[in-house]
$ cat upload-v5.csv   # CSV, C-alpha atoms
chain,number,residue,atom,x,y,z
A,1,MET,CA,4.6,89.0,35.9
A,2,LYS,CA,5.9,87.8,32.6
A,3,ARG,CA,6.2,91.2,31.1
A,4,ASN,CA,8.0,92.4,34.2
A,5,ALA,CA,10.4,89.6,34.0
A,6,PHE,CA,11.1,90.3,30.4
A,7,VAL,CA,11.7,94.0,31.0
A,8,GLY,CA,13.9,93.2,34.0
A,9,LEU,CA,15.9,90.8,31.9
A,10,LEU,CA,16.5,93.1,29.1
A,11,VAL,CA,16.6,96.7,30.5
A,12,LEU,CA,20.1,98.1,30.6
A,13,ALA,CA,21.3,101.5,31.6
A,14,LEU,CA,19.8,104.2,29.3
A,15,THR,CA,22.7,106.2,28.1
A,16,TRP,CA,21.9,106.9,24.5
A,17,ASN,CA,21.2,110.3,23.3
A,18,LEU,CA,17.7,110.4,22.1
A,19,SER,CA,18.3,113.3,19.8
A,20,THR,CA,19.7,110.8,17.4
A,21,THR,CA,16.5,108.7,17.3
A,22,ASP,CA,15.9,107.1,14.0
A,23,ALA,CA,12.5,108.5,12.9
A,24,ARG,CA,12.2,106.0,10.0
A,25,ALA,CA,10.8,103.3,12.2
A,26,GLU,CA,9.3,105.0,15.2
A,27,ALA,CA,5.8,104.9,13.9
A,28,GLU,CA,5.0,101.2,13.8
A,29,VAL,CA,3.9,99.6,17.1
A,30,ARG,CA,4.5,95.9,17.1
A,31,THR,CA,4.6,93.0,19.4
A,32,TRP,CA,8.2,92.1,20.3
A,33,THR,CA,9.0,88.6,21.4
A,34,ASP,CA,12.2,87.3,23.0
A,35,ASN,CA,14.2,84.4,21.7
A,36,THR,CA,12.5,81.9,24.0
A,37,GLY,CA,9.0,82.9,22.7
A,38,LYS,CA,7.8,83.3,26.3
A,39,PHE,CA,8.0,87.1,26.8
A,40,THR,CA,6.4,89.7,24.7
A,41,PHE,CA,5.6,93.4,24.9
A,42,GLU,CA,4.2,96.2,22.6
A,43,GLY,CA,6.5,98.9,21.4
A,44,THR,CA,8.4,100.5,18.6
A,45,PHE,CA,11.9,100.3,17.2
A,46,VAL,CA,13.9,103.4,17.9
A,47,ARG,CA,17.5,102.7,16.7
A,48,SER,CA,20.3,100.3,16.8
A,49,ARG,CA,23.9,100.5,17.9
A,50,GLY,CA,26.3,97.7,17.7
A,51,SER,CA,24.7,94.4,18.6
A,52,GLU,CA,22.0,96.2,20.7
A,53,ILE,CA,18.8,98.0,19.7
A,54,MET,CA,16.7,100.5,21.5
A,55,LEU,CA,13.0,99.9,21.7
A,56,LYS,CA,10.2,102.2,23.1
A,57,LYS,CA,7.4,100.6,25.0
A,58,VAL,CA,3.9,102.0,24.5
A,59,ASP,CA,4.1,103.6,27.9
A,60,GLY,CA,7.1,105.6,26.7
A,61,LYS,CA,9.8,103.7,28.6
A,62,LEU,CA,13.0,103.0,26.6
A,63,LEU,CA,14.7,99.6,26.6
A,64,ARG,CA,18.1,98.6,25.3
A,65,VAL,CA,18.0,95.0,24.1
A,66,PRO,CA,20.7,92.8,22.7
A,67,LEU,CA,19.4,91.9,19.2
A,68,SER,CA,20.3,88.3,19.8
A,69,ARG,CA,17.8,88.1,22.6
A,70,LEU,CA,14.9,88.8,20.3
A,71,SER,CA,13.0,86.3,18.2
A,72,ARG,CA,14.3,85.5,14.7
A,73,GLU,CA,11.3,87.3,13.2
A,74,ASP,CA,12.1,90.4,15.2
A,75,GLN,CA,15.7,90.3,14.3
A,76,ASP,CA,14.7,90.0,10.6
A,77,TYR,CA,12.4,93.0,11.1
A,78,VAL,CA,15.2,95.1,12.5
A,79,THR,CA,17.6,94.1,9.6
A,80,GLU,CA,14.9,95.0,7.1
A,81,LEU,CA,14.2,98.4,8.7
A,82,GLU,CA,17.8,99.3,8.4
A,83,SER,CA,18.8,97.9,5.1
A,84,GLY,CA,15.6,97.1,3.1
A,85,PRO,CA,13.6,93.9,2.9
A,86,ALA,CA,15.1,90.5,2.3
A,87,GLU,CA,13.1,90.5,-0.9
A,88,ALA,CA,14.9,93.6,-2.0
A,89,THR,CA,15.9,93.6,-5.6
A,90,ASP,CA,18.9,91.5,-6.3
A,91,PRO,CA,21.3,93.7,-8.3
A,92,LEU,CA,22.5,90.6,-10.2
A,93,THR,CA,26.0,91.9,-10.0
A,94,GLY,CA,27.6,88.5,-10.1
A,95,ILE,CA,27.4,84.9,-9.1
A,96,ALA,CA,28.0,84.4,-5.4
A,97,TRP,CA,30.8,82.0,-5.6
A,98,TYR,CA,32.3,79.9,-2.9
A,99,SER,CA,36.0,79.4,-3.6
A,100,SER,CA,36.6,76.4,-1.4
A,101,VAL,CA,34.7,73.1,-1.4
A,102,GLU,CA,34.1,72.5,2.3
A,103,PRO,CA,31.8,75.5,3.2
A,104,ALA,CA,30.1,75.2,-0.2
A,105,PHE,CA,29.2,71.5,0.2
A,106,ALA,CA,28.2,72.1,3.8
A,107,GLU,CA,25.8,74.8,2.6
A,108,ALA,CA,24.4,72.5,-0.1
A,109,LYS,CA,23.6,69.9,2.5
A,110,ARG,CA,22.2,72.5,4.9
A,111,SER,CA,19.8,74.0,2.4
A,112,ASP,CA,19.4,71.0,0.1
A,113,ARG,CA,20.3,73.1,-3.0
A,114,PRO,CA,22.0,71.7,-6.0
A,115,ILE,CA,25.6,72.6,-6.7
A,116,MET,CA,27.0,74.5,-9.7
A,117,PHE,CA,30.6,73.3,-9.7
A,118,MET,CA,33.3,75.0,-11.7
A,119,ALA,CA,37.1,74.7,-11.6
A,120,ALA,CA,39.1,77.5,-13.2
A,121,ALA,CA,42.7,78.6,-12.8
A,122,THR,CA,43.0,82.1,-11.4
A,123,GLN,CA,45.8,82.9,-13.7
A,124,CYS,CA,46.5,82.8,-17.4
A,125,SER,CA,49.9,81.9,-18.7
A,126,GLY,CA,51.1,82.4,-15.2
A,127,VAL,CA,49.8,85.9,-14.9
A,128,PRO,CA,47.3,86.2,-11.9
A,129,GLY,CA,44.3,88.5,-11.7
A,130,ILE,CA,42.3,87.0,-14.6
A,131,PHE,CA,40.6,83.7,-15.4
B,1,MET,CA,37.9,84.8,-20.1
B,2,ILE,CA,35.2,82.5,-18.6
B,3,GLU,CA,33.6,85.4,-16.7
B,4,ASN,CA,33.1,87.2,-20.0
B,5,ARG,CA,30.7,84.6,-21.2
B,6,GLU,CA,27.8,82.7,-19.5
B,7,PHE,CA,28.6,83.6,-15.9
B,8,SER,CA,28.4,87.4,-16.5
B,9,ASP,CA,24.9,87.1,-18.1
B,10,SER,CA,22.0,88.2,-15.9
B,11,ASN,CA,20.1,85.1,-17.0
B,12,CYS,CA,22.7,82.9,-15.5
B,13,ILE,CA,23.3,85.1,-12.4
B,14,GLU,CA,19.6,85.2,-11.5
B,15,ARG,CA,19.3,81.4,-11.9
B,16,SER,CA,22.5,80.8,-9.9
B,17,ARG,CA,20.7,82.0,-6.8
B,18,GLY,CA,18.9,78.6,-6.7
B,19,PHE,CA,22.3,76.8,-6.6
B,20,VAL,CA,25.2,76.7,-4.3
B,21,CYS,CA,27.9,77.9,-6.6
B,22,VAL,CA,31.5,76.8,-6.0
B,23,ARG,CA,34.4,77.7,-8.2
B,24,ILE,CA,37.8,76.4,-7.2
B,25,ASP,CA,41.3,76.9,-8.6
B,26,PRO,CA,42.5,73.4,-9.5
B,27,TYR,CA,46.1,74.2,-8.9
B,28,GLU,CA,45.6,75.9,-5.5
B,29,THR,CA,45.9,72.6,-3.5
B,30,GLN,CA,46.3,68.9,-4.0
B,31,ALA,CA,42.7,68.5,-2.6
B,32,HIS,CA,41.3,70.8,-5.3
B,33,ALA,CA,43.2,68.9,-8.0
B,34,ASP,CA,41.8,65.7,-6.7
B,35,TRP,CA,38.3,67.1,-7.0
B,36,VAL,CA,38.9,68.1,-10.6
B,37,ARG,CA,40.2,64.6,-11.4
B,38,LYS,CA,37.3,63.0,-9.7
B,39,LEU,CA,34.8,65.1,-11.7
B,40,TRP,CA,36.6,65.1,-15.0
B,41,ARG,CA,37.7,61.7,-16.3
B,42,GLY,CA,40.6,61.4,-13.9
B,43,ALA,CA,42.5,64.2,-15.5
B,44,LEU,CA,43.6,67.6,-14.0
B,45,THR,CA,42.6,70.4,-16.3
B,46,ASN,CA,42.4,74.1,-16.3
B,47,THR,CA,38.6,74.2,-16.3
B,48,VAL,CA,35.8,71.8,-15.4
B,49,PHE,CA,32.0,72.4,-15.1
B,50,VAL,CA,29.3,70.1,-13.7
B,51,LEU,CA,26.0,70.4,-11.9
B,52,LEU,CA,25.8,68.2,-8.8
B,53,GLU,CA,23.2,67.1,-6.3
B,54,PRO,CA,23.4,68.6,-2.8
B,55,ASP,CA,25.3,65.6,-1.7
B,56,GLY,CA,28.3,66.9,-3.7
B,57,LYS,CA,28.7,63.5,-5.4
B,58,THR,CA,25.9,62.7,-7.8
B,59,PRO,CA,26.1,64.5,-11.1
B,60,LEU,CA,23.0,66.2,-12.5
B,61,SER,CA,24.6,67.0,-15.8
B,62,ARG,CA,27.5,65.8,-18.0
B,63,GLY,CA,30.8,67.2,-17.0
B,64,GLY,CA,32.6,69.5,-19.5
B,65,ARG,CA,35.3,72.1,-19.8
B,66,SER,CA,32.6,74.8,-19.7
B,67,PRO,CA,28.8,75.1,-19.3
B,68,GLU,CA,28.5,75.1,-23.1
B,69,MET,CA,30.6,71.9,-23.5
B,70,ALA,CA,28.8,70.2,-20.6
B,71,ILE,CA,25.3,71.2,-21.3
B,72,GLY,CA,24.9,73.3,-24.4
B,73,ALA,CA,24.4,76.8,-25.8
B,74,PRO,CA,23.3,79.5,-23.3
B,75,ASP,CA,19.5,78.9,-23.8
B,76,VAL,CA,19.9,75.2,-23.3
B,77,PHE,CA,22.1,75.8,-20.2
B,78,TYR,CA,19.6,78.1,-18.7
B,79,ALA,CA,16.7,75.7,-19.3
B,80,LYS,CA,18.8,73.0,-17.6
B,81,MET,CA,19.4,75.3,-14.6
B,82,ASP,CA,15.6,75.9,-14.4
B,83,GLU,CA,14.9,72.1,-14.6
B,84,VAL,CA,17.4,71.3,-11.9
B,85,ALA,CA,16.3,74.1,-9.6
B,86,ASP,CA,12.7,73.0,-9.9
B,87,ASP,CA,13.6,69.6,-8.5
B,88,PHE,CA,15.2,71.1,-5.3
B,89,GLN,CA,13.2,73.4,-3.1
B,90,PRO,CA,15.6,74.9,-0.4
B,91,LYS,CA,14.8,73.5,3.0
B,92,ALA,CA,16.6,76.3,4.8
B,93,SER,CA,16.7,80.1,4.2
B,94,VAL,CA,19.1,81.0,1.4
B,95,HIS,CA,19.5,84.4,3.1
B,96,GLU,CA,21.2,82.7,6.0
B,97,ALA,CA,23.6,80.6,4.0
B,98,ILE,CA,27.1,79.7,5.3
B,99,VAL,CA,29.4,82.6,4.4
B,100,PRO,CA,32.1,81.8,1.8
B,101,ASP,CA,35.6,81.5,3.2
B,102,ALA,CA,38.6,81.2,0.9
B,103,LEU,CA,41.4,78.8,1.8
B,104,THR,CA,44.0,81.5,2.0
B,105,PHE,CA,44.0,85.3,2.0
B,106,ARG,CA,46.4,85.5,-1.0
B,107,GLN,CA,44.0,83.3,-3.0
B,108,ALA,CA,41.0,85.3,-1.9
B,109,LEU,CA,42.7,88.5,-3.0
B,110,ASN,CA,43.6,87.0,-6.4
B,111,THR,CA,40.1,85.6,-6.9
B,112,ALA,CA,38.5,88.9,-6.1
B,113,SER,CA,40.8,90.6,-8.6
B,114,CYS,CA,39.9,88.0,-11.2
B,115,ASP,CA,36.2,88.6,-10.6
B,116,GLN,CA,36.8,92.4,-10.4
B,117,ARG,CA,35.1,92.6,-7.1
B,118,PRO,CA,36.1,93.9,-3.6
B,119,LEU,CA,37.2,91.4,-1.0
B,120,VAL,CA,35.6,91.4,2.5
B,121,LEU,CA,38.2,90.2,5.0
B,122,VAL,CA,36.8,89.2,8.4
B,123,SER,CA,39.8,89.3,10.8
B,124,VAL,CA,39.2,88.0,14.4
B,125,ALA,CA,41.5,87.5,17.4
B,126,THR,CA,41.0,83.8,18.0
B,127,GLU,CA,39.8,80.7,16.3
B,128,SER,CA,36.8,80.5,18.6
B,129,ASP,CA,35.7,83.9,17.3
B,130,LEU,CA,35.5,82.6,13.8
B,131,GLU,CA,32.3,80.6,14.2
B,132,ARG,CA,30.5,83.3,16.1
B,133,MET,CA,31.4,85.9,13.4
B,134,GLU,CA,30.5,83.7,10.5
B,135,GLU,CA,27.1,83.0,12.0
B,136,ARG,CA,26.5,86.7,12.7
B,137,LEU,CA,27.4,87.7,9.2
B,138,ARG,CA,25.2,85.3,7.4
B,139,LYS,CA,22.3,87.7,7.1
B,140,VAL,CA,24.7,90.4,6.0
B,141,ALA,CA,26.6,88.4,3.4
B,142,TRP,CA,23.4,87.0,1.8
B,143,HIS,CA,21.3,90.1,2.0
B,144,PRO,CA,19.9,90.4,-1.6
B,145,SER,CA,21.2,94.0,-2.0
B,146,ILE,CA,24.8,92.8,-1.8
B,147,THR,CA,24.7,89.1,-2.8
B,148,GLY,CA,27.3,88.5,-5.4
B,149,CYS,CA,29.0,91.9,-4.9
B,150,PHE,CA,32.0,90.6,-2.8
B,151,HIS,CA,34.3,87.8,-2.1
B,152,TRP,CA,34.7,86.8,1.5
B,153,ASP,CA,37.6,85.5,3.6
B,154,PHE,CA,38.0,84.9,7.3
B,155,VAL,CA,41.3,84.9,9.3
B,156,ALA,CA,42.0,84.4,13.0
B,157,ASP,CA,45.1,85.7,14.9
B,158,ASP,CA,46.7,86.5,11.6
B,159,THR,CA,48.2,89.8,10.4
B,160,GLU,CA,50.2,88.4,7.4
B,161,TRP,CA,47.6,90.0,5.1
B,162,GLN,CA,48.6,93.4,6.3
B,163,LYS,CA,51.9,93.0,4.5
B,164,VAL,CA,50.2,93.3,1.1
B,165,VAL,CA,47.4,95.7,2.0
B,166,SER,CA,47.8,99.5,2.1
B,167,GLY,CA,45.8,102.0,4.0
B,168,SER,CA,44.4,101.8,7.5
B,169,THR,CA,44.7,98.2,8.4
B,170,PRO,CA,43.1,97.3,11.7
B,171,ASP,CA,44.2,94.0,13.3
B,172,HIS,CA,40.6,92.9,13.7
B,173,GLY,CA,37.3,93.8,12.2
B,174,ILE,CA,35.5,93.6,8.8
B,175,ILE,CA,37.7,95.1,6.2
B,176,VAL,CA,36.7,95.9,2.6
B,177,ILE,CA,39.7,95.6,0.3
B,178,GLN,CA,40.1,96.7,-3.3
B,179,PRO,CA,42.4,94.2,-5.0
B,180,ASP,CA,45.0,95.5,-7.4
B,181,LYS,CA,45.0,94.6,-11.0
B,182,PHE,CA,47.0,91.4,-10.5
B,183,GLY,CA,45.5,90.4,-7.2
B,184,LEU,CA,48.8,90.5,-5.4
B,185,LYS,CA,48.1,93.7,-3.3
B,186,GLY,CA,45.2,95.6,-2.1
B,187,ASP,CA,43.9,98.9,-0.6
B,188,VAL,CA,41.5,99.2,2.4
B,189,MET,CA,38.3,100.9,1.1
B,190,ALA,CA,36.4,100.7,4.4
B,191,SER,CA,36.5,98.9,7.7
B,192,PHE,CA,34.0,98.1,10.5
B,193,ASP,CA,34.6,97.1,14.1
B,194,GLY,CA,32.3,94.1,13.7
B,195,ASP,CA,29.9,95.1,16.5
B,196,GLU,CA,27.8,97.3,14.2
B,197,SER,CA,24.2,96.2,13.6
B,198,SER,CA,23.5,94.0,10.6
B,199,GLY,CA,21.6,96.9,8.9
B,200,ALA,CA,24.6,99.2,9.5
B,201,LEU,CA,27.0,96.7,8.0
B,202,ILE,CA,24.8,96.1,5.0
B,203,THR,CA,24.5,99.8,4.4
B,204,GLY,CA,28.3,100.3,4.8
B,205,LEU,CA,29.1,97.4,2.4
B,206,LYS,CA,26.6,98.8,-0.2
B,207,ASP,CA,28.4,102.1,0.0
B,208,ALA,CA,31.8,100.5,-0.3
B,209,PHE,CA,30.7,98.5,-3.3
B,210,PHE,CA,29.3,101.7,-4.9
B,211,ASP,CA,32.7,103.4,-4.4
B,212,PHE,CA,34.4,100.3,-5.9
B,213,GLN,CA,32.3,100.6,-9.0
B,214,GLN,CA,33.1,104.2,-9.4
B,215,LYS,CA,36.9,103.6,-9.2
B,216,HIS,CA,37.3,100.3,-10.9
B,217,GLU,CA,38.6,100.0,-14.4
B,218,ALA,CA,37.4,97.0,-16.3
B,219,LYS,CA,40.1,94.6,-17.4
B,220,ASP,CA,40.9,93.6,-20.9
B,221,TYR,CA,42.0,90.0,-21.1
B,222,GLU,CA,44.7,90.2,-23.7
B,223,ASN,CA,46.1,93.5,-22.4
B,224,HIS,CA,46.2,92.2,-18.9
B,225,ARG,CA,48.0,89.0,-19.9
B,226,ARG,CA,50.6,91.0,-22.0
B,227,GLU,CA,51.2,93.5,-19.3
B,228,GLY,CA,51.7,90.8,-16.7
B,229,LYS,CA,54.1,89.0,-18.9
B,230,ARG,CA,56.1,92.2,-19.6
B,231,LYS,CA,56.3,93.0,-15.9
B,232,GLY,CA,57.2,89.5,-14.9
B,233,VAL,CA,54.2,89.1,-12.6
B,234,THR,CA,53.7,85.6,-11.3
B,235,PHE,CA,51.6,83.8,-8.8
B,236,GLU,CA,53.0,80.6,-7.2
B,237,GLN,CA,50.6,77.9,-6.2
B,238,GLU,CA,50.9,74.5,-4.7
B,239,LEU,CA,50.7,72.7,-8.0
B,240,GLU,CA,52.2,73.6,-11.3
B,241,GLN,CA,49.6,74.7,-14.0
B,242,LYS,CA,49.3,71.9,-16.5
B,243,GLU,CA,46.8,70.0,-18.5
B,244,GLU,CA,46.6,66.2,-18.2
B,245,ARG,CA,45.1,64.4,-21.1
$ encode --input "upload-v5.csv" --output "structure tokens"
Amino acid sequence: MKRNAFVGLLVLALTWNLSTTDARAEAEVRTWTDNTGKFTFEGTFVRSRGSEIMLKKVDGKLLRVPLSRLSREDQDYVTELESGPAEATDPLTGIAWYSSVEPAFAEAKRSDRPIMFMAAATQCSGVPGIF
Amino acid sequence: MIENREFSDSNCIERSRGFVCVRIDPYETQAHADWVRKLWRGALTNTVFVLLEPDGKTPLSRGGRSPEMAIGAPDVFYAKMDEVADDFQPKASVHEAIVPDALTFRQALNTASCDQRPLVLVSVATESDLERMEERLRKVAWHPSITGCFHWDFVADDTEWQKVVSGSTPDHGIIVIQPDKFGLKGDVMASFDGDESSGALITGLKDAFFDFQQKHEAKDYENHRREGKRKGVTFEQELEQKEER
């Protein structure tokens, strides 16, 4: 019953062209869970489009699912499939600066991380484009 | 000038991931000037550096005009960063951090130019879309493969930015902009509708950053300043640039 309810909740019209199926991820069967944690089913990731993804159940049926309706773990899995793992190598290109106080301090409180605070004029002798 | 020293060093960049890094322009707004005065002996100065606790109030280091003046030579500075970071274990995922948002588009463009990075402008139709988009983009903006590659700015129901940006400028979407040398104008490098998957956005941004690196010419501090002076380039801000002693 639960599986049927989940499928009924998530299945949308299947209009995608399967010839564009993403083969990278089709091999791995995993247990997918919705964002309430109550509904699960076995299947594989096929591809994503916009805010929806296509999954293939082990019985071969295809489902279109809004990514936001899946568990956080499943959302992370999809992001990793498409763009590499969250532990991917940081290119160390530069410091990820906030340029205003409010979101930075809100983030420090959210994550309990210390703050590296710098003030620096974004012009030199009145000429912008350089610190 | 500052970016050519400690902050461009991979030792510093790597350690900075354990911190929330905020760099404000003290002359941009009165509020920014007040922050600088609060953290630097009551005086408004061009540069100030300090490490703070997550409460944004309690100092974890001396204040100074630079990391070197506040803490010490690079090795001492890095050791201090390690020591501080060890005392604070993040209680929430750093890969889902709040996305940076500049106070104004013109400042965002100028700052991106200063840092020699592209700017990602998130333009939405209404104020109510802002929160939804910011939340959606957290995993994108902080994906390790693009962390520190871009500056970010959000605007709602605002097309003023289009006046200084060339190329295909959609009213809404996620728009990657290459700032010009002086940070006063920009060119659209890539744009996304905003309803792409997170993975597709990350891939698109990585591609845009790669393009940026291919095209970008590194700035020379003195040449830049001289050329700006010669051409009469200026950037007006809320406060006049001055040093209080």
$ residues_around --input "upload-v5.csv" --residues "range 222-224 of chain B" --least-positions-apart "4" --cutoff "10 Å" --atoms "all atoms listed in the file" --output "list in words"
Cys124, Val127, Pro128, Gly129 and Ile130 of chain A; Met1, Lys181, Phe182, Gly228, Lys229 and Arg230 of chain B
$ closest_residue --input "upload-v5.csv" --among "A:Asp34, A:Glu107, A:Glu102, A:Glu28" --to "Asp74 in chain A" --atoms "all atoms listed in the file"
A:Asp34
$ atom_distance --input "upload-v5.csv" --atom1 "CA of Ser61 in chain B" --atom2 "CA of Glu243 in chain B"
22.6 Å
$ interface_residues --input "upload-v5.csv" --of "chain A" --to "chain B" --cutoff "8 Å" --atoms "all atoms listed in the file" --output "PyMOL selection string"
chain A and resi 48-52+78-83+86-101+103-131
$ residues_around --input "upload-v5.csv" --residues "Val124 in chain B" --least-positions-apart "4" --cutoff "7 Å" --atoms "all atoms listed in the file" --output "PyMOL selection string"
chain B and resi 129-130+155-157+172-173
$ write_last_selection --input "upload-v5.csv" --atoms "C-alpha atoms" --output "PDB file, in the frame of the given file"
ATOM      1  CA  ASP B 129      35.700  83.900  17.300  1.00  0.00           C
ATOM      2  CA  LEU B 130      35.500  82.600  13.800  1.00  0.00           C
ATOM      3  CA  VAL B 155      41.300  84.900   9.300  1.00  0.00           C
ATOM      4  CA  ALA B 156      42.000  84.400  13.000  1.00  0.00           C
ATOM      5  CA  ASP B 157      45.100  85.700  14.900  1.00  0.00           C
ATOM      6  CA  HIS B 172      40.600  92.900  13.700  1.00  0.00           C
ATOM      7  CA  GLY B 173      37.300  93.800  12.200  1.00  0.00           C
TER       8      GLY B 173
END
$ atom_distance --input "upload-v5.csv" --atom1 "CA of Arg37 in chain B" --atom2 "CA of Glu83 in chain B"
26.6 Å
$ axis_aligned_box --input "upload-v5.csv" --around "range 162-171 of chain B" --padding-each-side "3 Å" --output "AutoDock Vina command-line options"
--center_x 47.5 --center_y 97.5 --center_z 7.2 --size_x 14.8 --size_y 15.0 --size_z 18.2
$ atom_distance --input "upload-v5.csv" --atom1 "CA of Leu137 in chain B" --atom2 "CA of Asn35 in chain A"
18.5 Å
$ closest_residue --input "upload-v5.csv" --among "B:Glu6, B:Glu134, B:Asp75, B:Glu244" --to "Ile174 in chain B" --atoms "all atoms listed in the file"
B:Glu134
